[in-house]
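See structure below.
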Amino acid sequence: MSIYVDADACPVKAEVYRVAERYGLKVYVVANDIMSVPRDQPNVELVVVSDRFDAADDWIAERAGARDIVVTSDVPLASRCVKAGAYVLAPNGRVFTSDSIGMSVAVRNLMQDLRAGGENLGGPAPFSKKDRSAFLSALDLAANRVRRRVP
């Protein structure tokens, strides 16, 4: 059982490290460039992939399975991991499931098409303390649920 973090723009890495240490889980911090990870936690491993588009997503999607947790805000990656059976969380605590991923992909594609057509839609809301708290609760719940899954 592992946690895979799509790390380049992830605002909750410290929270992942804390929960992983509590449950004794392996964490793969997957990024396109070198970044700092805790040296005092041997369960945390930095994986630096090439700067090729979607290299981090591909690395995670090829490995994540039913006994794993994936942390990402990337909807296409979330879709791939949900299909592989992984428990997938966004940094704001939102859980991607087989029931919700289709709508998430459709909304993402619609927004992408609108932006490509020149619409100024703004960006996502700023990350808040409430988001961080929701993520911590969701990750703790995910860790417990995945631990109970039959291998």
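Starting from 1 in every chain, residues are counted up; chains themselves are A, B, ... following the order of the structure tokens, and ligands are numbered from 1 as listed.
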Residues of region 50-120 of chain A that have any atom at most 12 Å from an atom of region 13-20 of chain A: could you tabulate them with the shortest-distance atom pair and the distance in Å to one decimal, using only C-alpha atoms, ordered by chain and increasing number, as JSON lines?
```
{"residue": "A:Asp68", "atom": "CA", "partner": "A:Ala20", "partner_atom": "CA", "distance": 11.8}
{"residue": "A:Ile69", "atom": "CA", "partner": "A:Val16", "partner_atom": "CA", "distance": 10.4}
{"residue": "A:Val70", "atom": "CA", "partner": "A:Val16", "partner_atom": "CA", "distance": 10.5}
{"residue": "A:Val71", "atom": "CA", "partner": "A:Val16", "partner_atom": "CA", "distance": 8.7}
{"residue": "A:Thr72", "atom": "CA", "partner": "A:Lys13", "partner_atom": "CA", "distance": 10.8}
{"residue": "A:Leu89", "atom": "CA", "partner": "A:Val16", "partner_atom": "CA", "distance": 11.2}
{"residue": "A:Ala90", "atom": "CA", "partner": "A:Lys13", "partner_atom": "CA", "distance": 11.8}
{"residue": "A:Pro91", "atom": "CA", "partner": "A:Lys13", "partner_atom": "CA", "distance": 9.0}
{"residue": "A:Asn92", "atom": "CA", "partner": "A:Glu15", "partner_atom": "CA", "distance": 11.7}
{"residue": "A:Gly93", "atom": "CA", "partner": "A:Glu15", "partner_atom": "CA", "distance": 11.6}
```
Running DSSP on the backbone, which parts of chain A land in strand (DSSP E), as a VMD selection string?
chain A and resid 2 to 6 26 to 31 44 to 48 69 to 71 87 to 89 95 to 96
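CA of Lys129 (chain A) is found 29.1 Å from CA of Arg148 (chain A).
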Need the shell around Glu62 (chain A): protein/DNA/RNA residues with any atom at most 10 Å away, counting only C-alpha atoms. Skip same-chain ones fewer than 6 positions apart. Format as number ranges by chain?
A: 80-81, 84
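Among the candidates A:Gly24, A:Asp54, A:Val30, A:Asp99, the one nearest to Pro42 (chain A) when counting only C-alpha atoms is A:Gly24.
CA of Ala66 (chain A) to CA of Lys83 (chain A) spans 9.5 Å [interatomic distance, one decimal].
Of the listed residues A:Tyr23, A:Arg52, A:Asp40, A:Val12, the one whose atoms come nearest to Leu141 (chain A) is A:Tyr23, with distances taken using only C-alpha atoms.
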Can you list, as a PyMOL selection string, all residues belonging to chain A that DSSP tags as helix (DSSP H, G or I)?
chain A and resi 13-23+55-63+75-83+101-116+129-148
Skipping near chain neighbours, those fewer than 4 positions away, what residues fall within 10 Å of Met1 (chain A) using only C-alpha atoms, listed as a ChimeraX atom specification?
/A:24-27,64-69,143,146-147,151
So the first atom is CA of Asp74 (chain A) and the second is CA of Asp51 (chain A); what is the distance between them in Å, to one decimal place?
16.4 Å
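Proximity to Ser36 (chain A) was assessed for A:Ala61, A:Leu139, A:Ala78, A:Ala7 counting only C-alpha atoms; the smallest distance is recorded for A:Ala7.
Proximity of A:Asp131, A:Arg22, A:Ala9, A:Ala142 to Ala86 (chain A), computed with only C-alpha atoms, is greatest for A:Ala142.
Here the question is which of A:Phe127, A:Ala56, A:Ala138, A:Val75 gets nearest to Arg94 (chain A) using only C-alpha atoms, and that residue is A:Ala138.
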Just checking: using only C-alpha atoms, which residue out of A:Arg63, A:Gly117, A:Tyr4, A:Asp58 ends up closest to Asn43 (chain A)?
A:Tyr4
